[in-house]
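J.: Provided herewith is a single structure, encoded as structure tokens, for subsequent inquiry.
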Amino acid sequence: MREYSPDLTPQWKRAQPVPEVPAEPDLVVEVAGTDFCGAVVACEAGTVTLEDRFGKRRVFPLEPRGFLLEGAVVTLTRPSRAPQAPLRTASGSVAVPGARARVARAGRIYVEGRHDAELVERVWGDDLRIEGVVVEYLEGIDDLPAIVAEFGPGPDARLGILVDHLVPGSKESRIAASAASPDVLIVGHPYVDVWQAVKPSALGIGAWPVVPRGQDWKTGVCRALGWPQNTGAAWQHILSRVTSYKDLEPVLLGRVEELIDFVTVGGAA
């Protein structure tokens with residue numbers, strides 16, 4: 001028969017009980033013994049996934065006394081119903097259910113054409129409305145310096161411009177350089193047309209066709225892919241296959257995010 005052995009550890013040395021807190025979605029905690037702080041995005045048997053403010057995610061075990069909540073040690077537990085990841089917009093941002101559109105800012109984002117504007121709206125529309133950013137299309141950039149001068153950009157009315165085929169030595173790069181200023185940010189992508197910013201995999205094709213010089217690029221693409229040579233209908237098909245930022249090439253994602261940051265930081269509504 002096993003003999004009873006009393007715990008002779010002094011009371012002040014014994015580990016004190018700590019609160020148990022369900023790992024509910026968006027609960028912000030710090031991982032004990034580290035400098036990682038993040039919000040709960042998922043919780044499974046024995047682990048919790050946290051996302052920090054930079055979007056980096058890490059998985060941690062649900063160990064007793066393993067987290068800090070508002071500076072106090074706690075034990076995270078799996079909630080009665082496992083949390084779902086926060087809803088996301090098409091751009092990957094955390095959705096804000098019920099958020100009202102902000103009054104439009106003085107700043108603007110200009111893009112070259114209607115297709116560019118429709119693609120930006122498709123992916124970033126929710127974000128743009130919350131930030132109060134209006135996107136307009138130019139129908140080309142040949143008159144960009146005059147358009148910028150007419151807009152009258154300033155510290156409280158910044159202008160961001162997205163240009164197609166912005167590569168060194170191109171006509172587009174020379175026009176962009178002549179229109180730039182501290183309150184104007186001109187960025188671009190290397191593609192002939194914004195169509196190419198949609199990943200071929202989203203359309204079920206291996207790659208975008210190479211269209212010989214001298215041919216209309218969009219018509220040539222339709223011909224090479226066996227599509228009806230109706231570029232308007234082709235674009236609607238392409239756009240319908242874009243459901244989120246994952247369907248776009250990273251180079252375009254970075255440029256649009258850069259423009260949104262530029263016109264919203266420090267700009268007045």
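Chain labels run A, B, ... following the order of the structure tokens; each chain numbers its residues from 1, and ligands are numbered from 1 in the order shown.
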What's around Val256 in chain A at 10 Å? Count only C-alpha atoms, leave out sequence neighbours fewer than 6 positions away in its own chain, and write the answer as a list of chain:residue names.
T.: A:Ile109, A:Val120, A:Trp124, A:Gly160, A:Ile161, A:Leu162, A:Val187, A:Gly188, A:His189, A:Phe262
J.: Deliver the residues from the most recent selection as a file, using all heavy atoms, as a PDB file, in the first residue's frame.
T.:
```pdb
ATOM      1  N   ILE A 109      -6.595  57.944 -56.659  1.00  0.00           N
ATOM      2  CA  ILE A 109      -5.746  57.013 -57.399  1.00  0.00           C
ATOM      3  C   ILE A 109      -6.238  57.003 -58.841  1.00  0.00           C
ATOM      4  O   ILE A 109      -7.430  56.805 -59.088  1.00  0.00           O
ATOM      5  CB  ILE A 109      -5.795  55.595 -56.801  1.00  0.00           C
ATOM      6  CG1 ILE A 109      -5.105  55.570 -55.422  1.00  0.00           C
ATOM      7  CG2 ILE A 109      -5.118  54.593 -57.737  1.00  0.00           C
ATOM      8  CD1 ILE A 109      -5.166  54.219 -54.737  1.00  0.00           C
ATOM      9  N   VAL A 120      -8.968  46.709 -59.923  1.00  0.00           N
ATOM     10  CA  VAL A 120      -8.681  47.276 -58.601  1.00  0.00           C
ATOM     11  C   VAL A 120      -9.933  47.241 -57.730  1.00  0.00           C
ATOM     12  O   VAL A 120      -9.877  46.883 -56.545  1.00  0.00           O
ATOM     13  CB  VAL A 120      -8.138  48.708 -58.743  1.00  0.00           C
ATOM     14  CG1 VAL A 120      -8.086  49.401 -57.382  1.00  0.00           C
ATOM     15  CG2 VAL A 120      -6.746  48.697 -59.370  1.00  0.00           C
ATOM     16  N   TRP A 124      -9.720  45.347 -54.308  1.00  0.00           N
ATOM     17  CA  TRP A 124      -9.507  46.292 -53.193  1.00  0.00           C
ATOM     18  C   TRP A 124     -10.735  47.162 -52.891  1.00  0.00           C
ATOM     19  O   TRP A 124     -10.647  48.075 -52.072  1.00  0.00           O
ATOM     20  CB  TRP A 124      -8.321  47.203 -53.508  1.00  0.00           C
ATOM     21  CG  TRP A 124      -7.011  46.518 -53.441  1.00  0.00           C
ATOM     22  CD1 TRP A 124      -6.226  46.338 -52.337  1.00  0.00           C
ATOM     23  CD2 TRP A 124      -6.289  45.926 -54.540  1.00  0.00           C
ATOM     24  NE1 TRP A 124      -5.080  45.673 -52.660  1.00  0.00           N
ATOM     25  CE2 TRP A 124      -5.087  45.406 -54.009  1.00  0.00           C
ATOM     26  CE3 TRP A 124      -6.541  45.793 -55.898  1.00  0.00           C
ATOM     27  CZ2 TRP A 124      -4.143  44.752 -54.807  1.00  0.00           C
ATOM     28  CZ3 TRP A 124      -5.617  45.142 -56.687  1.00  0.00           C
ATOM     29  CH2 TRP A 124      -4.424  44.631 -56.155  1.00  0.00           C
ATOM     30  N   GLY A 160      -2.005  59.224 -56.487  1.00  0.00           N
ATOM     31  CA  GLY A 160      -1.290  57.997 -56.824  1.00  0.00           C
ATOM     32  C   GLY A 160      -1.709  57.538 -58.205  1.00  0.00           C
ATOM     33  O   GLY A 160      -2.892  57.575 -58.547  1.00  0.00           O
ATOM     34  N   ILE A 161      -0.753  57.102 -59.015  1.00  0.00           N
ATOM     35  CA  ILE A 161      -1.038  56.739 -60.411  1.00  0.00           C
ATOM     36  C   ILE A 161      -0.421  55.381 -60.720  1.00  0.00           C
ATOM     37  O   ILE A 161       0.761  55.147 -60.457  1.00  0.00           O
ATOM     38  CB  ILE A 161      -0.477  57.805 -61.373  1.00  0.00           C
ATOM     39  CG1 ILE A 161      -1.073  59.180 -61.035  1.00  0.00           C
ATOM     40  CG2 ILE A 161      -0.776  57.430 -62.821  1.00  0.00           C
ATOM     41  CD1 ILE A 161      -0.388  60.328 -61.746  1.00  0.00           C
ATOM     42  N   LEU A 162      -1.242  54.493 -61.304  1.00  0.00           N
ATOM     43  CA  LEU A 162      -0.779  53.170 -61.713  1.00  0.00           C
ATOM     44  C   LEU A 162      -0.659  53.146 -63.235  1.00  0.00           C
ATOM     45  O   LEU A 162      -1.624  53.429 -63.944  1.00  0.00           O
ATOM     46  CB  LEU A 162      -1.767  52.100 -61.251  1.00  0.00           C
ATOM     47  CG  LEU A 162      -1.426  50.660 -61.641  1.00  0.00           C
ATOM     48  CD1 LEU A 162      -0.182  50.187 -60.895  1.00  0.00           C
ATOM     49  CD2 LEU A 162      -2.608  49.736 -61.347  1.00  0.00           C
ATOM     50  N   VAL A 187       3.604  54.579 -59.947  1.00  0.00           N
ATOM     51  CA  VAL A 187       4.173  53.237 -59.940  1.00  0.00           C
ATOM     52  C   VAL A 187       3.567  52.463 -61.100  1.00  0.00           C
ATOM     53  O   VAL A 187       2.589  52.893 -61.709  1.00  0.00           O
ATOM     54  CB  VAL A 187       3.895  52.506 -58.611  1.00  0.00           C
ATOM     55  CG1 VAL A 187       4.497  53.259 -57.439  1.00  0.00           C
ATOM     56  CG2 VAL A 187       2.401  52.308 -58.400  1.00  0.00           C
ATOM     57  N   GLY A 188       4.158  51.331 -61.415  1.00  0.00           N
ATOM     58  CA  GLY A 188       3.631  50.572 -62.534  1.00  0.00           C
ATOM     59  C   GLY A 188       4.028  49.118 -62.469  1.00  0.00           C
ATOM     60  O   GLY A 188       4.728  48.678 -61.558  1.00  0.00           O
ATOM     61  N   HIS A 189       3.560  48.383 -63.438  1.00  0.00           N
ATOM     62  CA  HIS A 189       3.903  46.973 -63.573  1.00  0.00           C
ATOM     63  C   HIS A 189       4.513  46.771 -64.957  1.00  0.00           C
ATOM     64  O   HIS A 189       4.380  47.636 -65.838  1.00  0.00           O
ATOM     65  CB  HIS A 189       2.653  46.097 -63.388  1.00  0.00           C
ATOM     66  CG  HIS A 189       1.522  46.447 -64.297  1.00  0.00           C
ATOM     67  ND1 HIS A 189       1.508  46.134 -65.650  1.00  0.00           N
ATOM     68  CD2 HIS A 189       0.348  47.098 -64.063  1.00  0.00           C
ATOM     69  CE1 HIS A 189       0.398  46.557 -66.200  1.00  0.00           C
ATOM     70  NE2 HIS A 189      -0.340  47.155 -65.256  1.00  0.00           N
ATOM     71  N   PHE A 262       0.101  55.489 -49.853  1.00  0.00           N
ATOM     72  CA  PHE A 262       0.571  56.850 -50.154  1.00  0.00           C
ATOM     73  C   PHE A 262      -0.539  57.878 -50.040  1.00  0.00           C
ATOM     74  O   PHE A 262      -0.340  58.959 -49.476  1.00  0.00           O
ATOM     75  CB  PHE A 262       1.176  56.883 -51.562  1.00  0.00           C
ATOM     76  CG  PHE A 262       1.694  58.220 -51.981  1.00  0.00           C
ATOM     77  CD1 PHE A 262       2.899  58.712 -51.501  1.00  0.00           C
ATOM     78  CD2 PHE A 262       0.962  59.027 -52.857  1.00  0.00           C
ATOM     79  CE1 PHE A 262       3.383  59.949 -51.882  1.00  0.00           C
ATOM     80  CE2 PHE A 262       1.432  60.268 -53.238  1.00  0.00           C
ATOM     81  CZ  PHE A 262       2.652  60.731 -52.753  1.00  0.00           C
TER      82      PHE A 262
END
```
J.: Need to verify the contact set: Asn230 in chain A, 10 Å, only C-alpha atoms, exclusion of same-chain residues closer than 5 positions in sequence. Can you return it as a list in words?
T.: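 The residues that qualify are Lys218, Thr219, Cys222, Arg223 and Trp235 of chain A.
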J.: Go through A:Pro19, A:Gly132, A:Pro25, A:Pro145 one by one, measure the shortest atom-to-atom distance of each to Leu87 in chain A using only C-alpha atoms, and give the residue with the smallest value.
T.: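 Between A:Pro19, A:Gly132, A:Pro25, A:Pro145, the residue approaching Leu87 in chain A most closely is A:Pro25.
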J.: Calculated over only C-alpha atoms, which of the candidates A:Ala117, A:Ala146, A:Ala202, A:Ile141 has the smallest distance to Arg174 in chain A?
T.: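 Looking only at the distances to Arg174 in chain A, the closest residue turns out to be A:Ile141.
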J.: Hey, what's within 9 Å of Leu138 in chain A if we count only C-alpha atoms and toss same-chain stuff fewer than 3 positions away? As a count of residues only, please?
T.: 8
